[in-house]
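Text of upload.cif (mmCIF, C-alpha atoms) as supplied:
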```
data_data
loop_
_atom_site.group_PDB
_atom_site.id
_atom_site.type_symbol
_atom_site.label_atom_id
_atom_site.label_comp_id
_atom_site.auth_asym_id
_atom_site.auth_seq_id
_atom_site.Cartn_x
_atom_site.Cartn_y
_atom_site.Cartn_z
ATOM 1 C CA MET A 259 74.015 57.199 -26.656
ATOM 2 C CA GLY A 260 73.738 53.923 -24.715
ATOM 3 C CA LEU A 261 71.239 55.486 -22.294
ATOM 4 C CA VAL A 262 69.001 56.520 -25.182
ATOM 5 C CA VAL A 263 69.063 52.995 -26.610
ATOM 6 C CA ALA A 264 68.275 51.527 -23.182
ATOM 7 C CA PHE A 265 65.416 54.022 -22.781
ATOM 8 C CA TRP A 266 63.818 53.060 -26.087
ATOM 9 C CA ILE A 267 64.239 49.322 -25.502
ATOM 10 C CA MET A 268 62.579 49.608 -22.101
ATOM 11 C CA ALA A 269 59.845 51.855 -23.510
ATOM 12 C CA ILE A 270 59.033 49.260 -26.178
ATOM 13 C CA VAL A 271 59.019 46.445 -23.598
ATOM 14 C CA ALA A 272 56.768 48.542 -21.323
ATOM 15 C CA VAL A 273 54.263 49.153 -24.116
ATOM 16 C CA ILE A 274 54.272 45.493 -25.192
ATOM 17 C CA SER A 275 53.790 44.290 -21.610
ATOM 18 C CA ALA A 276 50.989 46.842 -21.072
ATOM 19 C CA LEU A 277 49.293 45.500 -24.189
ATOM 20 C CA GLY A 278 49.778 42.010 -22.743
ATOM 21 C CA VAL A 279 47.901 43.100 -19.624
ATOM 22 C CA VAL A 280 44.981 44.162 -21.779
ATOM 23 C CA PHE A 281 44.894 41.358 -24.345
ATOM 24 C CA LEU A 282 45.970 38.203 -22.471
ATOM 25 C CA ARG A 283 43.019 35.952 -21.656
ATOM 26 C CA ASN A 284 44.746 34.235 -18.722
ATOM 27 C CA VAL A 285 44.408 36.560 -15.724
ATOM 28 C CA PHE A 286 47.525 35.240 -13.987
ATOM 29 C CA ARG A 287 49.672 35.827 -17.071
ATOM 30 C CA ALA A 288 48.180 39.302 -17.412
ATOM 31 C CA ALA A 289 49.220 40.014 -13.813
ATOM 32 C CA LEU A 290 52.758 38.831 -14.560
ATOM 33 C CA SER A 291 52.761 41.082 -17.614
ATOM 34 C CA LEU A 292 51.735 43.933 -15.308
ATOM 35 C CA VAL A 293 54.745 43.178 -13.085
ATOM 36 C CA LEU A 294 57.008 43.364 -16.147
ATOM 37 C CA CYS A 295 55.429 46.682 -17.103
ATOM 38 C CA PHE A 296 56.054 48.080 -13.605
ATOM 39 C CA ILE A 297 59.684 46.940 -13.679
ATOM 40 C CA THR A 298 60.352 48.502 -17.079
ATOM 41 C CA VAL A 299 58.780 51.770 -15.919
ATOM 42 C CA ALA A 300 61.261 51.724 -13.023
ATOM 43 C CA GLY A 301 64.021 51.192 -15.577
ATOM 44 C CA LEU A 302 62.736 54.182 -17.527
ATOM 45 C CA TYR A 303 62.975 56.259 -14.356
ATOM 46 C CA ILE A 304 66.585 55.152 -13.919
ATOM 47 C CA THR A 305 67.486 56.212 -17.466
ATOM 48 C CA LEU A 306 65.915 59.606 -16.730
ATOM 49 C CA SER A 307 68.075 60.021 -13.562
ATOM 50 C CA ALA A 308 65.027 59.778 -11.302
ATOM 51 C CA ASP A 309 66.447 57.117 -9.024
ATOM 52 C CA PHE A 310 64.117 57.846 -6.110
ATOM 53 C CA LEU A 311 61.058 57.380 -8.337
ATOM 54 C CA ALA A 312 62.551 54.105 -9.573
ATOM 55 C CA ALA A 313 63.015 52.894 -6.001
ATOM 56 C CA VAL A 314 59.457 53.870 -5.076
ATOM 57 C CA GLN A 315 58.160 52.183 -8.246
ATOM 58 C CA ILE A 316 59.907 48.949 -7.312
ATOM 59 C CA LEU A 317 58.895 49.050 -3.646
ATOM 60 C CA VAL A 318 55.293 50.167 -4.002
ATOM 61 C CA TYR A 319 54.097 48.829 -7.321
ATOM 62 C CA VAL A 320 56.244 45.753 -7.906
ATOM 63 C CA GLY A 321 56.709 44.857 -4.263
ATOM 64 C CA ALA A 322 53.283 45.546 -2.819
ATOM 65 C CA ILE A 323 50.531 46.101 -5.356
ATOM 66 C CA SER A 324 51.629 43.370 -7.756
ATOM 67 C CA VAL A 325 51.976 40.878 -4.926
ATOM 68 C CA LEU A 326 48.481 41.715 -3.688
ATOM 69 C CA ILE A 327 47.003 41.404 -7.197
ATOM 70 C CA ILE A 328 48.667 38.042 -7.762
ATOM 71 C CA LEU A 329 47.572 36.904 -4.289
ATOM 72 C CA ALA A 330 43.971 37.909 -5.048
ATOM 73 C CA ILE A 331 44.122 36.031 -8.351
ATOM 74 C CA MET A 332 45.494 32.949 -6.616
ATOM 75 C CA MET A 333 42.649 33.110 -4.072
ATOM 76 C CA THR A 334 40.008 32.861 -6.796
ATOM 77 C CA ARG A 335 39.025 29.485 -8.141
ATOM 78 C CA ASP A 336 38.457 30.199 -11.849
ATOM 79 C CA VAL A 337 41.702 31.879 -12.917
ATOM 80 C CA GLN A 338 41.988 30.518 -16.440
ATOM 81 C CA ARG A 339 38.853 32.013 -17.978
ATOM 82 C CA GLY A 340 39.341 35.721 -17.336
ATOM 83 C CA SER A 341 36.666 38.300 -18.106
ATOM 84 C CA PRO A 342 33.678 37.265 -20.177
ATOM 85 C CA SER A 343 32.973 39.079 -23.438
ATOM 86 C CA ASN A 344 30.513 41.941 -23.302
ATOM 87 C CA LYS A 345 28.934 44.567 -25.554
ATOM 88 C CA LEU A 346 31.147 47.437 -24.389
ATOM 89 C CA LYS A 347 34.133 46.683 -26.620
ATOM 90 C CA LEU A 348 33.231 49.269 -29.274
ATOM 91 C CA PRO A 349 32.463 52.124 -26.825
ATOM 92 C CA ALA A 350 35.650 51.315 -24.915
ATOM 93 C CA PHE A 351 37.628 51.379 -28.159
ATOM 94 C CA VAL A 352 36.157 54.792 -29.066
ATOM 95 C CA VAL A 353 37.033 56.156 -25.616
ATOM 96 C CA VAL A 354 40.592 54.835 -25.964
ATOM 97 C CA ILE A 355 41.013 56.445 -29.394
ATOM 98 C CA VAL A 356 39.707 59.812 -28.134
ATOM 99 C CA PHE A 357 41.961 59.627 -25.067
ATOM 100 C CA PHE A 358 44.944 58.696 -27.249
ATOM 101 C CA GLY A 359 44.208 61.666 -29.534
ATOM 102 C CA VAL A 360 44.019 64.048 -26.568
ATOM 103 C CA MET A 361 47.326 62.698 -25.236
ATOM 104 C CA ILE A 362 49.060 63.104 -28.607
ATOM 105 C CA TYR A 363 47.692 66.638 -28.947
ATOM 106 C CA THR A 364 48.832 67.508 -25.415
ATOM 107 C CA MET A 365 52.326 66.096 -25.951
ATOM 108 C CA THR A 366 52.847 67.899 -29.244
ATOM 109 C CA GLN A 367 51.430 71.255 -28.136
ATOM 110 C CA THR A 368 53.134 71.535 -24.724
ATOM 111 C CA PRO A 369 56.341 73.626 -24.609
ATOM 112 C CA TRP A 370 58.522 71.093 -22.769
ATOM 113 C CA GLN A 371 61.492 72.497 -20.862
ATOM 114 C CA ILE A 372 64.693 70.494 -21.141
ATOM 115 C CA ALA A 373 67.285 70.628 -18.385
ATOM 116 C CA GLY A 374 70.741 71.730 -19.443
ATOM 117 C CA GLN A 375 72.533 68.984 -17.547
ATOM 118 C CA ALA A 376 71.763 65.806 -15.658
ATOM 119 C CA PRO A 377 71.799 65.773 -11.839
ATOM 120 C CA LEU A 378 75.350 65.644 -10.511
ATOM 121 C CA ALA A 379 74.638 63.424 -7.502
ATOM 122 C CA PRO A 380 71.986 60.775 -6.881
ATOM 123 C CA THR A 381 69.001 61.973 -4.892
ATOM 124 C CA THR A 382 68.179 58.678 -3.194
ATOM 125 C CA GLY A 383 70.635 59.059 -0.294
ATOM 126 C CA PRO A 384 69.409 62.400 1.084
ATOM 127 C CA ILE A 385 65.751 61.451 0.655
ATOM 128 C CA ALA A 386 66.321 58.078 2.331
ATOM 129 C CA LEU A 387 68.014 59.807 5.276
ATOM 130 C CA LYS A 388 65.061 62.144 5.707
ATOM 131 C CA LEU A 389 62.534 59.302 5.481
ATOM 132 C CA PHE A 390 64.312 56.583 7.444
ATOM 133 C CA GLY A 391 66.939 58.460 9.487
ATOM 134 C CA GLN A 392 66.558 60.123 12.868
ATOM 135 C CA GLY A 393 62.866 60.973 13.363
ATOM 136 C CA GLY A 394 61.944 59.241 10.081
ATOM 137 C CA PHE A 395 59.289 56.704 9.193
ATOM 138 C CA ILE A 396 61.001 53.337 9.621
ATOM 139 C CA LEU A 397 58.446 52.040 12.143
ATOM 140 C CA PRO A 398 55.392 52.455 9.836
ATOM 141 C CA VAL A 399 57.321 50.758 7.016
ATOM 142 C CA GLU A 400 58.171 47.801 9.239
ATOM 143 C CA ILE A 401 54.589 47.549 10.527
ATOM 144 C CA ALA A 402 53.280 47.536 6.928
ATOM 145 C CA ALA A 403 55.732 44.763 6.026
ATOM 146 C CA VAL A 404 54.602 42.619 8.961
ATOM 147 C CA LEU A 405 50.928 43.199 8.102
ATOM 148 C CA LEU A 406 51.553 42.235 4.470
ATOM 149 C CA LEU A 407 53.345 39.077 5.592
ATOM 150 C CA ALA A 408 50.450 38.222 7.921
ATOM 151 C CA ALA A 409 47.952 38.738 5.076
ATOM 152 C CA ILE A 410 49.934 36.478 2.755
ATOM 153 C CA LEU A 411 50.240 33.747 5.397
ATOM 154 C CA GLY A 412 46.522 34.015 6.168
ATOM 155 C CA ALA A 413 45.669 33.730 2.478
ATOM 156 C CA ILE A 414 47.848 30.653 2.128
ATOM 157 C CA VAL A 415 46.137 29.014 5.095
ATOM 158 C CA LEU A 416 42.687 29.863 3.694
ATOM 159 C CA ALA A 417 43.522 28.725 0.163
ATOM 160 C CA ARG A 418 45.054 25.434 1.222
ATOM 161 C CA GLU A 419 42.817 22.492 0.533
ATOM 162 C CA LYS A 420 41.599 20.431 3.495
#
```

Could the structure of this file be written out as structure tokens, please?
Amino acid sequence: MGLVVAFWIMAIVAVISALGVVFLRNVFRAALSLVLCFITVAGLYITLSADFLAAVQILVYVGAISVLIILAIMMTRDVQRGSPSNKLKLPAFVVVIVFFGVMIYTMTQTPWQIAGQAPLAPTTGPIALKLFGQGGFILPVEIAAVLLLAAILGAIVLAREK
């Protein structure tokens, strides 16, 4: 019962933070709202016993993509204004409503299969051993981390005022 309550709380927070990404005028705050959305999606994965997906969500989206988005926002000069208004609000709203209708129709008409029981053991350990164990991919992960650090340091040097 507690897992169901946690799922619904995180689902509500994820939807509210996703709406914050769309409706906040300050681009930096919208990016922080995106980080919150990514984190709550990882929490949703945990409540669904998909711990590997949660770890990938945290590493890839929260750890890499969000940092790059926030870094790109910090590199721009005019952060406070955001996107200017345009004439595509009504067509975009119509597209969103049609897409939402298709999603609702798909979710209600699909015969979803429900597993009889939850996984007995976490799946993160065996997958981590295959990825990062003997003959795994630890070197490319370390190289990517060093390149990301170099990009962040370079951006700080470029953004620093004279």

note - atom CA of Val314 of chain A and atom CA of Thr382 of chain A are separated by 10.1 Å

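Across the structure, atom CA of Lys345 of chain A and atom CA of Phe358 of chain A are spaced 21.4 Å apart.
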
Could you pull the residues within 9 Å of Ile328 of chain A, counting only C-alpha atoms, minus those fewer than 5 positions along the same chain, as a list in words?
Phe286, Ala289, Leu290, Ile323 and Met333 of chain A

Open item on the list: For this structure, which residues satisfy the selection - the PyMOL selection byres ((chain A and resi 280) around 12) - when it is evaluated on the file as given? I want them as a list in words.
Closed with: Val273, Ile274, Ser275, Ala276, Leu277, Gly278, Val279, Phe281, Leu282, Arg283, Asn284, Val285, Arg287, Ala288, Ala289, Leu290, Ser291, Leu292, Cys295, Gly340 and Ser341 of chain A

Report task. Compare A:Ile385, A:Met361, A:Leu329, A:Leu311 by their minimum atom-to-atom distance to Leu411 of chain A, counting all atoms listed in the file, and give me the closest one. Result ->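 Residue with the minimum atom-to-atom distance to Leu411 of chain A: A:Leu329.
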
Next item on the list: In Å, rounded to a single decimal, give me how far atom CA of Ile401 of chain A is from atom CA of Gln315 of chain A.
Entry: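 Straight-line distance from atom CA of Gln315 of chain A to atom CA of Ile401 of chain A works out to 19.7 Å.
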
Would you write out, as a ChimeraX atom specification, every residue that the PyMOL selection byres ((chain A and resi 307) around 10) captures in this file? /A:301-306,308-312,376-381

- Task: Please provide the set of residues having any atom within 9 Å of Val320 of chain A, restricted to all atoms listed in the file, with same-chain residues fewer than 3 positions apart removed, written as a VMD selection string.
- Result: chain A and resid 292 to 294 296 to 297 315 to 317 323 to 325

- For Phe395 of chain A, please output as a list in words all residues within 10 Å (counting only C-alpha atoms; exclusion window: fewer than 6 positions along the same chain).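 Counting only the stated atoms, we get Ala386, Lys388 and Leu389 of chain A.
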
The residue from A:Thr298, A:Val271, A:Ala322, A:Val263 with the smallest atom-to-atom distance to Leu405 of chain A, counting only C-alpha atoms, is A:Ala322

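Here the question is which of A:Pro384, A:Asn344, A:Met332, A:Val360 gets nearest to Ile414 of chain A using all atoms listed in the file, and that residue is A:Met332.
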
Expected axis-aligned box over every listed atom of segment 361-365 of chain A, 8 Å added per side, centre plus edges in Å to one decimal, as lines of an AutoDock Vina configuration file:
```
center_x = 49.8
center_y = 65.1
center_z = -27.1
size_x = 21.0
size_y = 20.8
size_z = 19.7
```
